[in-house]
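Structure file start.txt; described as compact mmCIF, C-alpha atoms.
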# COMPACT_ATOMS: atom_id res chain seq x y z
CA MET A 796 -33.12 7.68 36.41
CA ARG A 797 -34.95 9.54 33.69
CA GLU A 798 -33.83 12.80 35.26
CA TYR A 799 -30.18 11.70 35.20
CA ALA A 800 -30.42 10.74 31.51
CA ASP A 801 -31.86 14.16 30.69
CA LYS A 802 -29.05 15.88 32.59
CA GLU A 803 -26.47 13.74 30.84
CA GLN A 804 -27.94 14.56 27.45
CA ALA A 805 -27.90 18.26 28.28
CA LEU A 806 -24.23 17.96 29.25
CA LEU A 807 -23.42 16.17 25.97
CA ASP A 808 -25.13 18.94 24.02
CA GLU A 809 -23.07 21.54 25.88
CA LEU A 810 -19.84 19.65 25.35
CA ALA A 811 -20.55 19.28 21.64
CA ALA A 812 -21.25 23.01 21.45
CA LEU A 813 -17.95 24.08 23.00
CA PRO A 814 -16.02 26.43 20.69
CA GLU A 815 -13.75 24.58 18.27
CA GLU A 816 -11.15 27.33 18.43
CA LEU A 817 -9.48 29.05 21.37
CA GLU A 818 -6.86 31.75 21.22
CA PRO A 819 -3.68 31.08 23.22
CA ALA A 820 -2.68 33.84 25.62
CA ARG A 821 0.56 34.44 23.71
CA ASP A 822 1.89 34.07 20.18
CA LEU A 823 3.36 30.57 19.91
CA TRP A 824 4.83 30.98 16.43
CA PRO A 825 8.25 32.42 17.45
CA GLY A 826 8.99 29.26 19.45
CA ILE A 827 7.96 27.05 16.53
CA ALA A 828 9.96 29.14 14.05
CA ALA A 829 13.07 28.85 16.19
CA ARG A 830 12.74 25.09 16.39
CA ILE A 831 12.07 24.43 12.72
CA ALA A 832 15.00 26.71 11.85
CA SER A 833 17.34 24.81 14.17
CA PRO A 834 15.93 21.35 14.83
CA ALA A 835 19.05 20.44 16.81
CA ALA A 836 17.98 22.82 19.59
CA PRO A 837 14.66 21.53 20.95
CA ALA A 838 12.72 24.10 22.94
CA SER A 839 10.98 21.54 25.10
CA PRO A 840 13.43 19.00 26.54
CA ARG A 841 10.61 17.12 28.25
CA LEU A 842 8.86 16.41 24.97
CA ARG A 843 11.99 15.90 22.90
CA ARG A 844 13.94 13.61 25.19
CA PRO A 845 12.69 10.29 23.74
CA ARG A 846 13.50 11.55 20.25
CA VAL A 847 17.02 12.60 21.27
CA ARG A 848 17.62 9.16 22.72
CA TRP A 849 16.30 7.57 19.54
CA VAL A 850 18.53 9.74 17.34
CA LEU A 851 21.56 8.83 19.46
CA PHE A 852 20.66 5.17 19.17
CA GLN A 853 20.31 5.48 15.41
CA SER A 854 23.61 7.33 15.10
CA ALA A 855 25.39 4.62 17.05
CA ALA A 856 23.75 1.92 14.91
CA ALA A 857 24.68 3.79 11.74
CA LEU A 858 28.33 4.11 12.80
CA ALA A 859 28.51 0.42 13.64
CA PHE A 860 26.93 -0.50 10.34
CA PHE A 861 29.28 1.74 8.35
CA ALA A 862 32.28 0.21 10.11
CA ALA A 863 31.04 -3.32 9.34
CA GLY A 864 30.26 -2.34 5.73
CA ALA A 865 33.67 -0.78 5.23
CA LEU A 866 35.39 -3.87 6.58
CA ALA A 867 33.28 -6.21 4.42
CA GLY A 868 33.84 -4.01 1.35
CA HIS A 869 37.58 -4.04 1.95
CA ILE A 870 37.65 -7.83 2.19
CA LEU A 871 35.38 -8.35 -0.81
CA SER A 872 37.26 -5.88 -3.02
CA GLY A 873 40.36 -8.00 -2.47
CA LEU A 874 38.47 -11.12 -3.58
CA SER A 875 36.47 -9.70 -6.49
CA GLU A 876 38.09 -9.84 -9.91
CA GLU A 877 35.63 -7.42 -11.49
CA ALA A 878 35.90 -4.01 -9.93
CA GLN A 879 32.42 -2.48 -9.90
CA PRO A 880 31.75 1.23 -9.44
CA VAL A 881 30.26 1.52 -5.98
CA LEU A 882 28.43 4.49 -4.55
CA ARG A 883 28.40 4.67 -0.80
CA ARG A 884 25.56 6.67 0.64
CA PRO A 885 23.00 6.45 3.42
CA LEU A 886 19.73 4.89 2.38
CA HIS A 887 16.83 3.96 4.58
CA GLY A 888 15.57 0.47 5.15
CA VAL A 889 16.44 -0.91 1.73
CA ALA A 890 15.75 -4.62 1.54
CA GLY A 891 17.56 -7.19 -0.49
CA PHE A 892 20.10 -5.02 -2.26
CA GLU A 893 23.15 -6.66 -3.75
CA GLN A 894 26.39 -5.64 -2.24
CA GLN A 895 29.49 -6.08 -4.34
CA GLY A 896 27.82 -8.89 -6.28
CA GLU A 897 26.76 -10.89 -3.25
CA ASN A 898 23.38 -11.23 -1.62
CA ARG A 899 23.71 -10.75 2.07
CA PRO A 900 21.34 -9.93 4.92
CA THR A 901 20.38 -6.29 4.76
CA ALA A 902 19.57 -3.74 7.39
CA PHE A 903 15.86 -4.27 6.83
CA GLU A 904 16.08 -8.05 7.07
CA ALA A 905 18.22 -7.80 10.16
CA GLY A 906 15.39 -5.93 11.91
CA GLU A 907 17.08 -2.53 12.03
CA LYS A 908 14.93 0.56 11.88
CA LYS A 909 14.61 2.60 8.74
CA ALA A 910 17.33 5.21 9.29
CA THR A 911 20.06 2.55 9.18
CA PRO A 912 22.34 3.39 6.26
CA GLU A 913 22.83 1.05 3.33
CA PRO A 914 26.55 0.33 3.13
CA ALA A 915 26.97 -0.04 -0.62
CA LEU A 916 24.76 0.05 -3.70
CA ARG A 917 25.83 -0.67 -7.21
CA GLN A 918 24.92 1.90 -9.81
CA ALA A 919 22.76 0.54 -12.59
CA GLU A 920 21.56 1.35 -16.06
CA PRO A 921 18.34 3.36 -16.02
CA ALA A 922 15.08 1.56 -16.60
CA ILE A 923 13.40 4.46 -18.40
CA ASP A 924 14.27 7.92 -19.69
CA LEU A 925 12.10 10.99 -19.37
CA GLY A 926 14.60 13.38 -20.96
CA MET A 927 15.67 15.55 -18.06
CA GLU A 928 18.61 16.00 -15.73
CA LEU A 929 18.01 16.43 -12.03
CA ASP A 930 19.68 18.00 -9.02
CA CYS A 931 19.03 15.89 -5.97
CA GLY A 932 22.30 15.18 -4.25
CA ASP A 933 22.55 11.42 -4.19
CA CYS A 934 19.73 10.32 -6.48
CA GLY A 935 20.22 7.84 -9.29
CA TRP A 936 19.58 4.35 -10.61
CA PHE A 937 20.79 1.38 -8.60
CA ALA A 938 20.74 -2.39 -8.87
CA GLY A 939 17.96 -3.79 -6.71
CA GLN A 940 17.12 -7.33 -5.79
CA GLY A 941 17.69 -9.71 -8.69
CA GLY A 942 19.54 -7.03 -10.64
CA ARG A 943 16.34 -5.02 -11.17
CA GLN A 944 16.85 -1.29 -11.54
CA VAL A 945 15.44 0.98 -8.88
CA TRP A 946 15.53 4.74 -8.47
CA ARG A 947 16.64 6.22 -5.18
CA ALA A 948 16.40 9.80 -3.92
CA SER A 949 16.62 11.08 -0.37
CA THR A 950 15.45 14.60 -1.28
CA PHE A 951 12.84 15.84 -3.72
CA PRO A 952 14.62 16.06 -7.11
CA LYS A 953 14.81 19.47 -8.81
CA VAL A 954 14.88 19.59 -12.59
CA ARG A 955 18.18 21.06 -13.85
CA THR A 956 17.73 20.70 -17.61
CA VAL A 957 14.99 19.44 -19.88
CA GLU A 958 15.81 18.01 -23.28
CA PRO A 959 13.88 19.96 -25.94
CA GLY A 960 11.23 17.76 -27.50
CA GLY A 961 11.76 14.98 -24.93
CA PRO A 962 9.00 13.34 -22.89
CA ALA A 963 9.42 15.73 -19.96
CA ALA A 964 9.44 18.81 -22.21
CA ARG A 965 6.31 17.63 -24.01
CA ALA A 966 4.60 17.23 -20.62
CA GLY A 967 5.38 20.85 -19.76
CA ILE A 968 8.09 20.21 -17.18
CA ARG A 969 10.54 23.11 -16.90
CA PRO A 970 13.96 23.58 -15.30
CA GLY A 971 13.46 24.53 -11.65
CA ASP A 972 10.41 22.31 -11.16
CA VAL A 973 10.52 20.06 -8.12
CA LEU A 974 9.32 16.47 -8.53
CA LEU A 975 7.01 15.66 -5.61
CA GLU A 976 5.19 12.46 -6.49
CA ILE A 977 5.04 9.80 -9.15
CA ASP A 978 1.71 8.03 -9.59
CA GLY A 979 0.82 8.98 -6.03
CA TYR A 980 4.11 7.89 -4.42
CA SER A 981 6.17 10.58 -2.71
CA PHE A 982 9.53 10.85 -4.49
CA ILE A 983 11.52 10.30 -1.32
CA GLU A 984 9.77 7.04 -0.49
CA ARG A 985 11.34 3.73 -1.39
CA ALA A 986 8.09 2.69 -3.07
CA ALA A 987 8.46 5.52 -5.62
CA GLY A 988 11.90 4.22 -6.68
CA GLU A 989 10.68 0.68 -7.03
CA HIS A 990 7.62 1.84 -8.96
CA LEU A 991 9.90 3.80 -11.34
CA GLY A 992 12.13 0.76 -11.77
CA GLY A 993 9.14 -1.37 -12.75
CA LEU A 994 8.00 1.00 -15.51
CA ARG A 995 8.55 0.31 -19.17
CA ALA A 996 8.80 2.57 -22.21
CA GLY A 997 5.46 3.82 -23.42
CA GLN A 998 3.72 3.41 -20.05
CA ARG A 999 1.99 6.64 -18.99
CA ILE A 1000 2.95 8.05 -15.62
CA THR A 1001 1.65 10.99 -13.63
CA LEU A 1002 4.16 13.25 -11.96
CA ARG A 1003 3.15 15.79 -9.35
CA ILE A 1004 5.45 18.76 -9.65
CA GLY A 1005 5.93 21.90 -7.60
CA ARG A 1006 7.00 25.27 -8.87
CA VAL A 1007 7.13 28.53 -6.93
CA GLY A 1008 3.49 29.07 -6.11
CA VAL A 1009 2.34 26.30 -8.46
CA PHE A 1010 1.63 22.63 -8.32
CA ARG A 1011 0.17 20.42 -11.01
CA ASN A 1012 -0.04 16.89 -12.27
CA VAL A 1013 1.56 16.12 -15.64
CA THR A 1014 1.43 12.95 -17.68
CA VAL A 1015 4.72 11.71 -19.12
CA VAL A 1016 5.45 8.80 -21.47
CA PRO A 1017 9.01 7.51 -20.91
CA ARG A 1018 11.37 6.45 -23.71
CA ALA A 1019 13.15 3.14 -23.90
CA LYS A 1020 16.53 4.02 -22.56
CA GLY A 1021 18.85 6.84 -21.57
CA ASN A 1022 21.30 7.88 -18.93
CA ARG A 1023 19.09 10.13 -16.89
CA LEU A 1024 15.59 10.12 -15.50
CA MET B 434 -2.08 37.11 -6.21
CA HIS B 435 -0.23 35.69 -9.21
CA PRO B 436 -2.85 34.48 -11.63
CA GLU B 437 -0.26 33.35 -14.14
CA THR B 438 1.36 31.00 -11.63
CA ILE B 439 -1.58 29.59 -9.68
CA HIS B 440 -3.16 27.01 -11.89
CA THR B 441 -3.56 23.29 -12.10
CA GLU B 442 -4.93 20.91 -14.66
CA ASN B 443 -8.27 21.27 -12.89
CA GLY B 444 -8.33 25.05 -12.60
CA PRO B 445 -7.22 27.35 -9.80
CA ALA B 446 -5.59 25.62 -6.85
CA PRO B 447 -6.99 26.06 -3.34
CA VAL B 448 -4.78 28.43 -1.37
CA ALA B 449 -4.38 25.89 1.47
CA GLU B 450 -3.00 23.28 -0.91
CA ILE B 451 -0.55 25.77 -2.39
CA LEU B 452 0.61 26.65 1.12
CA VAL B 453 1.10 22.97 1.91
CA VAL B 454 3.15 22.42 -1.27
CA ARG B 455 5.30 25.44 -0.52
CA ALA B 456 5.78 24.40 3.10
CA ARG B 457 6.69 20.89 1.98
CA GLU B 458 9.42 22.43 -0.17
CA GLY B 459 10.81 24.13 2.94
CA ASP B 460 9.06 27.52 2.80
CA SER B 461 8.67 28.48 6.47
CA LYS B 462 6.60 31.56 5.57
CA ALA B 463 4.01 29.31 3.97
CA PHE B 464 4.09 27.13 7.07
CA GLU B 465 3.53 30.18 9.25
CA GLU B 466 0.40 30.95 7.25
CA LEU B 467 -0.78 27.39 7.86
CA TYR B 468 -0.03 27.90 11.56
CA ARG B 469 -2.04 31.13 11.65
CA ALA B 470 -4.98 29.35 10.05
CA HIS B 471 -4.95 26.27 12.29
CA HIS B 472 -3.35 27.13 15.63
CA ARG B 473 -6.54 28.07 17.48
CA ARG B 474 -8.11 24.72 16.73
CA VAL B 475 -4.97 22.85 17.79
CA TYR B 476 -4.68 24.95 20.93
CA ALA B 477 -8.32 24.30 21.88
CA LEU B 478 -7.73 20.57 21.51
CA ALA B 479 -4.49 20.76 23.50
CA LEU B 480 -6.01 22.88 26.27
CA ARG B 481 -8.87 20.45 26.81
CA MET B 482 -6.66 17.39 26.61
CA THR B 483 -4.02 18.69 29.01
CA GLY B 484 -6.27 20.74 31.28
CA SER B 485 -4.13 23.86 31.59
CA PRO B 486 -2.60 26.52 29.33
CA ALA B 487 1.14 25.97 29.86
CA PRO B 488 1.23 22.33 28.69
CA ALA B 489 -1.35 23.19 26.03
CA GLU B 490 1.09 25.72 24.59
CA GLU B 491 3.86 23.12 24.65
CA VAL B 492 1.64 20.57 22.92
CA THR B 493 0.58 23.11 20.28
CA GLN B 494 4.18 24.01 19.50
CA GLU B 495 5.29 20.40 19.46
CA ALA B 496 2.41 19.43 17.16
CA PHE B 497 3.39 22.08 14.62
CA VAL B 498 7.09 21.18 14.82
CA GLN B 499 6.23 17.53 14.23
CA ALA B 500 3.92 18.50 11.37
CA TRP B 501 6.78 20.48 9.78
CA GLU B 502 9.10 17.49 10.07
CA ALA B 503 6.48 15.09 8.71
CA LEU B 504 5.31 17.32 5.85
CA PRO B 505 7.29 15.42 3.17
CA SER B 506 5.22 12.36 4.02
CA PHE B 507 1.91 14.25 3.85
CA ARG B 508 0.25 12.81 0.78
CA GLY B 509 -2.75 15.09 0.64
CA GLU B 510 -5.18 12.17 1.00
CA SER B 511 -6.91 14.05 3.79
CA ALA B 512 -7.22 17.76 4.43
CA PHE B 513 -4.18 19.33 6.08
CA GLY B 514 -6.31 20.28 9.09
CA THR B 515 -7.43 16.68 9.62
CA TRP B 516 -3.86 15.42 9.32
CA LEU B 517 -2.64 18.07 11.76
CA HIS B 518 -5.45 17.20 14.18
CA GLY B 519 -4.25 13.58 14.27
CA ILE B 520 -0.70 14.70 15.05
CA ALA B 521 -1.93 17.03 17.80
CA VAL B 522 -3.96 14.27 19.46
CA ARG B 523 -0.94 11.94 19.50
CA VAL B 524 1.32 14.67 20.89
CA ALA B 525 -1.23 15.53 23.58
CA LEU B 526 -1.59 11.89 24.59
CA ARG B 527 2.16 11.44 24.85
CA HIS B 528 2.42 14.64 26.83
CA GLY B 529 -0.22 13.31 29.21
CA ARG B 530 2.17 10.61 30.38
CA THR B 531 4.03 13.25 32.31
CA GLU B 532 0.80 14.18 34.03
CA ARG B 533 2.17 14.10 37.57
CA ARG B 534 3.73 17.51 36.99
CA ARG B 535 0.35 18.90 36.05
CA LYS B 536 -1.09 18.43 39.49
CA ALA B 537 1.45 20.85 40.89
CA ARG B 538 0.47 23.37 38.27
CA VAL B 539 -3.29 23.21 38.22
CA GLU B 540 -4.00 25.78 40.87
CA ALA B 541 -1.49 28.26 39.49
CA ASP B 542 -2.98 27.87 36.04
CA GLU B 543 -6.60 28.19 37.01
CA THR B 544 -6.52 31.95 36.63
CA ALA B 545 -4.65 31.64 33.36
CA LEU B 546 -7.23 29.19 32.02
CA ALA B 547 -9.96 31.69 32.71
CA SER B 548 -8.06 34.49 31.00
CA ALA B 549 -7.25 32.27 28.02
CA THR B 550 -10.86 31.40 27.37
CA VAL B 551 -12.77 34.40 28.58
CA GLY B 552 -14.01 36.69 25.85
CA ARG B 553 -14.26 33.82 23.37
CA ALA B 554 -16.53 31.55 25.34
CA PRO B 555 -19.76 32.43 27.13
CA GLU B 556 -19.92 32.19 30.92
CA THR B 557 -21.72 28.85 30.85
CA SER B 558 -19.09 27.17 28.70
CA LEU B 559 -16.34 28.76 30.79
CA GLY B 560 -17.71 26.90 33.81
CA LEU B 561 -17.91 23.75 31.75
CA GLU B 562 -14.32 24.22 30.52
CA LYS B 563 -13.12 24.56 34.10
CA ALA B 564 -15.08 21.52 35.21
CA VAL B 565 -13.51 19.47 32.38
CA ALA B 566 -10.05 20.82 33.18
CA ALA B 567 -10.44 19.79 36.82
CA LEU B 568 -11.22 16.16 35.94
CA PRO B 569 -8.71 13.42 36.79
CA HIS B 570 -6.27 12.87 33.95
CA GLY B 571 -7.66 9.60 32.56
CA ALA B 572 -11.29 10.65 32.80
CA ARG B 573 -10.58 13.98 31.12
CA ARG B 574 -8.81 12.40 28.16
CA VAL B 575 -11.66 9.98 27.55
CA LEU B 576 -14.33 12.67 27.90
CA VAL B 577 -12.54 15.11 25.58
CA LEU B 578 -11.78 12.49 22.94
CA HIS B 579 -15.31 11.07 22.93
CA ASP B 580 -17.69 13.87 23.89
CA VAL B 581 -15.84 16.92 22.57
CA LEU B 582 -13.75 15.65 19.64
CA GLY B 583 -16.25 13.01 18.56
CA TYR B 584 -14.08 9.88 18.52
CA ARG B 585 -15.94 6.56 18.85
CA HIS B 586 -15.49 4.27 21.86
CA GLU B 587 -13.32 1.88 19.82
CA GLU B 588 -11.11 4.69 18.51
CA VAL B 589 -10.62 6.10 22.01
CA ALA B 590 -9.72 2.63 23.29
CA ARG B 591 -7.16 2.18 20.50
CA LEU B 592 -5.63 5.64 21.02
CA LEU B 593 -5.28 5.12 24.77
CA GLY B 594 -4.39 1.43 24.63
CA ILE B 595 -7.21 0.44 26.99
CA ALA B 596 -10.30 -1.78 26.73
CA VAL B 597 -13.55 -0.45 25.28
CA GLY B 598 -15.28 -1.32 28.56
CA THR B 599 -12.76 0.79 30.45
CA VAL B 600 -13.45 3.71 28.10
CA LYS B 601 -17.18 3.47 28.80
CA ALA B 602 -16.63 3.27 32.53
CA GLN B 603 -14.25 6.25 32.49
CA LEU B 604 -16.71 8.21 30.38
CA HIS B 605 -19.57 7.56 32.78
CA ARG B 606 -17.40 8.61 35.72
CA ALA B 607 -16.15 11.73 33.90
CA ARG B 608 -19.65 12.91 33.01
CA LYS B 609 -20.83 12.33 36.56
CA LEU B 610 -17.91 14.33 37.96
CA VAL B 611 -18.52 17.21 35.53
CA MET B 612 -22.19 17.35 36.46
CA GLU B 613 -21.31 17.34 40.15
CA ALA B 614 -18.80 20.13 39.59
CA LEU B 615 -21.51 22.15 37.83
CA GLY B 616 -23.91 21.52 40.75
CA ARG B 617 -26.42 19.51 38.74
Rendering of file as structure tokens:
Amino acid sequence: MREYADKEQALLDELAALPEELEPARDLWPGIAARIASPAAPASPRLRRPRVRWVLFQSAAALAFFAAGALAGHILSGLSEEAQPVLRRPLHGVAGFEQQGENRPTAFEAGEKKATPEPALRQAEPAIDLGMELDCGDCGWFAGQGGRQVWRASTFPKVRTVEPGGPAARAGIRPGDVLLEIDGYSFIERAAGEHLGGLRAGQRITLRIGRVGVFRNVTVVPRAKGNRL
Amino acid sequence: MHPETIHTENGPAPVAEILVVRAREGDSKAFEELYRAHHRRVYALALRMTGSPAPAEEVTQEAFVQAWEALPSFRGESAFGTWLHGIAVRVALRHGRTERRRKARVEADETALASATVGRAPETSLGLEKAVAALPHGARRVLVLHDVLGYRHEEVARLLGIAVGTVKAQLHRARKLVMEALGR
């Protein structure tokens, strides 16, 4: 028995001492580079098949949801006396958003997964102003649950212009910077938008920004109001 | 180097973190540098988890592709290598579900396994590597996760979706089989 324990311990020592790194027989990077350049063409069908099925399922769900949203929007626009500017865009798993002035079950509440598009969001006044204009496709301020403003962005916003002397300029933000995180939240996460919406003028925030070859944290103090971030 | 552009509020930034930020912004060259720095470690993990070079290469590639896709969600709370390691383990485990194919490949790959590891590992560990690779699928996964990668019994059980008692039993069996294979 004692002998077996000694042998087992010797084996454990050998296993723990196995080299942490091994060189593959061929260079695997070209295959990876091809796949990250064209994600629609998976190199390994065996590994990718569940994902393909999932993407197809999501696409079908998204189409169905868009069709239902378009129909509901059409009906509601006929009933509503106040025409509101509506921005239609895909958002992921947004709970409790108002649609054309009515609260209705959302994709999140209905148990759909997070890539289900939000049919309609109402644009809203900004909650704070940092004195910069951004390029980020479909980012902006929207009316969240209870009319509260939230910020939404599906890509990392890039700074287009910075107002001289504004909060962003004073913090050292420059045109071309990419906004990565706010107070630890990634800018493309829903939590970042809700955190931004809950901020008030004078509250200090930390932005993590990326520049070519640079990253840094900057502290910004937002102003009361404005029409940009 | 570009001293005027590599700086943070706390002084010079670690190169790895700069590469991660660049890769997260879509710079595939930066990601390639991360690959060059980490691929041997991922491949070693994949080779031991799968038992042969061909699936290990697939797992390595898949792990890096998934890491690229998930980079925007990488918050930097852990080191990139640790984060990547977690992805590689999950990919290897999922790959293991198609294990039946492996049995048809093992013999053909035995020579390749030797050529993939020889020169980097001493003779003794080469024998050990082959003994581990020849283990039954379930026993090998438990042994590699616990004895080589250092996961605890509870973590192995959670990763594999089995009971802790089953992990211990598999581990005992795996060690016994390896010792028998090594003639001890």
Distance-based interface of chain A with chain B, 6 Å, counting all atoms listed in the file, as a PyMOL selection string: chain A and resi 810-811+815-818+820+827+1009+1011
For C-alpha atoms, I'd like the residues from the last selection saved as a CSV table (one decimal), keeping the file's coordinate frame.
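Written output follows (out.csv):
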chain,number,residue,atom,x,y,z
A,810,LEU,CA,-19.8,19.6,25.4
A,811,ALA,CA,-20.6,19.3,21.6
A,815,GLU,CA,-13.8,24.6,18.3
A,816,GLU,CA,-11.2,27.3,18.4
A,817,LEU,CA,-9.5,29.0,21.4
A,818,GLU,CA,-6.9,31.8,21.2
A,820,ALA,CA,-2.7,33.8,25.6
A,827,ILE,CA,8.0,27.0,16.5
A,1009,VAL,CA,2.3,26.3,-8.5
A,1011,ARG,CA,0.2,20.4,-11.0
Quick one: 5 Å padding each side, axis-aligned, all listed atoms of segment 480-498 of chain B - centre and edge lengths in Å to one decimal, as lines of an AutoDock Vina configuration file?
center_x = -0.9
center_y = 22.0
center_z = 23.1
size_x = 26.0
size_y = 19.1
size_z = 27.0
Exercise: Arg999 of chain A partners within 9 Å, only C-alpha atoms, chain neighbours under 4 positions left out, as a list in words: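 Using only C-alpha atoms, the neighbours found are Leu994, Thr1014, Val1015, Val1016 and Pro1017 of chain A.
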Protein, DNA and RNA residues within 12 Å of (12.6, 16.8, -9.7), only C-alpha atoms, as a ChimeraX atom specification: /A:925-932,934-935,948-957,963,968-977,981-983,1002-1006,1023-1024 /B:458
Atom CA of Glu803 of chain A to atom CA of Thr599 of chain B, straight-line distance in Å: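 So the two atoms, atom CA of Thr599 of chain B and atom CA of Glu803 of chain A, lie 18.9 Å apart.
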Keeping just all heavy atoms, export segment 802-809 of chain A of this structure as a PDB file, in the first residue's frame.
ATOM      1  N   LYS A 802       4.528   5.445  -5.474  1.00  0.00           N
ATOM      2  CA  LYS A 802       4.516   5.470  -6.947  1.00  0.00           C
ATOM      3  C   LYS A 802       3.562   6.539  -7.456  1.00  0.00           C
ATOM      4  O   LYS A 802       3.854   7.252  -8.418  1.00  0.00           O
ATOM      5  CB  LYS A 802       4.075   4.098  -7.478  1.00  0.00           C
ATOM      6  CG  LYS A 802       5.134   3.034  -7.419  1.00  0.00           C
ATOM      7  CD  LYS A 802       4.585   1.753  -8.001  1.00  0.00           C
ATOM      8  CE  LYS A 802       5.582   0.616  -7.887  1.00  0.00           C
ATOM      9  NZ  LYS A 802       5.008  -0.642  -8.351  1.00  0.00           N
ATOM     10  N   GLU A 803       2.414   6.635  -6.785  1.00  0.00           N
ATOM     11  CA  GLU A 803       1.427   7.631  -7.201  1.00  0.00           C
ATOM     12  C   GLU A 803       1.989   9.049  -7.019  1.00  0.00           C
ATOM     13  O   GLU A 803       1.822   9.907  -7.873  1.00  0.00           O
ATOM     14  CB  GLU A 803       0.145   7.453  -6.385  1.00  0.00           C
ATOM     15  CG  GLU A 803      -1.000   8.315  -6.914  1.00  0.00           C
ATOM     16  CD  GLU A 803      -2.288   8.080  -6.157  1.00  0.00           C
ATOM     17  OE1 GLU A 803      -2.246   7.944  -4.918  1.00  0.00           O
ATOM     18  OE2 GLU A 803      -3.343   8.036  -6.815  1.00  0.00           O
ATOM     19  N   GLN A 804       2.672   9.259  -5.913  1.00  0.00           N
ATOM     20  CA  GLN A 804       3.244  10.579  -5.669  1.00  0.00           C
ATOM     21  C   GLN A 804       4.312  10.907  -6.723  1.00  0.00           C
ATOM     22  O   GLN A 804       4.389  12.041  -7.219  1.00  0.00           O
ATOM     23  CB  GLN A 804       3.852  10.646  -4.265  1.00  0.00           C
ATOM     24  CG  GLN A 804       4.327  12.046  -3.869  1.00  0.00           C
ATOM     25  CD  GLN A 804       3.221  13.096  -3.985  1.00  0.00           C
ATOM     26  OE1 GLN A 804       2.118  12.916  -3.467  1.00  0.00           O
ATOM     27  NE2 GLN A 804       3.494  14.186  -4.697  1.00  0.00           N
ATOM     28  N   ALA A 805       5.101   9.896  -7.079  1.00  0.00           N
ATOM     29  CA  ALA A 805       6.121  10.116  -8.101  1.00  0.00           C
ATOM     30  C   ALA A 805       5.469  10.483  -9.430  1.00  0.00           C
ATOM     31  O   ALA A 805       5.938  11.372 -10.155  1.00  0.00           O
ATOM     32  CB  ALA A 805       6.968   8.851  -8.262  1.00  0.00           C
ATOM     33  N   LEU A 806       4.354   9.805  -9.736  1.00  0.00           N
ATOM     34  CA  LEU A 806       3.634  10.117 -10.978  1.00  0.00           C
ATOM     35  C   LEU A 806       3.110  11.553 -10.947  1.00  0.00           C
ATOM     36  O   LEU A 806       3.222  12.290 -11.937  1.00  0.00           O
ATOM     37  CB  LEU A 806       2.473   9.135 -11.161  1.00  0.00           C
ATOM     38  CG  LEU A 806       1.555   9.435 -12.345  1.00  0.00           C
ATOM     39  CD1 LEU A 806       2.287   9.249 -13.667  1.00  0.00           C
ATOM     40  CD2 LEU A 806       0.309   8.553 -12.308  1.00  0.00           C
ATOM     41  N   LEU A 807       2.529  11.960  -9.804  1.00  0.00           N
ATOM     42  CA  LEU A 807       1.996  13.322  -9.688  1.00  0.00           C
ATOM     43  C   LEU A 807       3.092  14.358  -9.888  1.00  0.00           C
ATOM     44  O   LEU A 807       2.886  15.380 -10.538  1.00  0.00           O
ATOM     45  CB  LEU A 807       1.325  13.510  -8.319  1.00  0.00           C
ATOM     46  CG  LEU A 807       0.054  12.714  -8.083  1.00  0.00           C
ATOM     47  CD1 LEU A 807      -0.530  13.017  -6.711  1.00  0.00           C
ATOM     48  CD2 LEU A 807      -0.971  13.014  -9.167  1.00  0.00           C
ATOM     49  N   ASP A 808       4.271  14.063  -9.335  1.00  0.00           N
ATOM     50  CA  ASP A 808       5.393  14.993  -9.505  1.00  0.00           C
ATOM     51  C   ASP A 808       5.772  15.106 -10.980  1.00  0.00           C
ATOM     52  O   ASP A 808       6.045  16.193 -11.487  1.00  0.00           O
ATOM     53  CB  ASP A 808       6.603  14.524  -8.684  1.00  0.00           C
ATOM     54  CG  ASP A 808       6.344  14.634  -7.183  1.00  0.00           C
ATOM     55  OD1 ASP A 808       5.396  15.355  -6.800  1.00  0.00           O
ATOM     56  OD2 ASP A 808       7.075  13.982  -6.403  1.00  0.00           O
ATOM     57  N   GLU A 809       5.766  13.954 -11.660  1.00  0.00           N
ATOM     58  CA  GLU A 809       6.112  13.979 -13.094  1.00  0.00           C
ATOM     59  C   GLU A 809       5.065  14.726 -13.911  1.00  0.00           C
ATOM     60  O   GLU A 809       5.393  15.486 -14.820  1.00  0.00           O
ATOM     61  CB  GLU A 809       6.235  12.545 -13.625  1.00  0.00           C
ATOM     62  CG  GLU A 809       7.538  11.879 -13.270  1.00  0.00           C
ATOM     63  CD  GLU A 809       7.589  10.472 -13.857  1.00  0.00           C
ATOM     64  OE1 GLU A 809       7.344  10.320 -15.066  1.00  0.00           O
ATOM     65  OE2 GLU A 809       7.846   9.525 -13.086  1.00  0.00           O
TER      66      GLU A 809
END
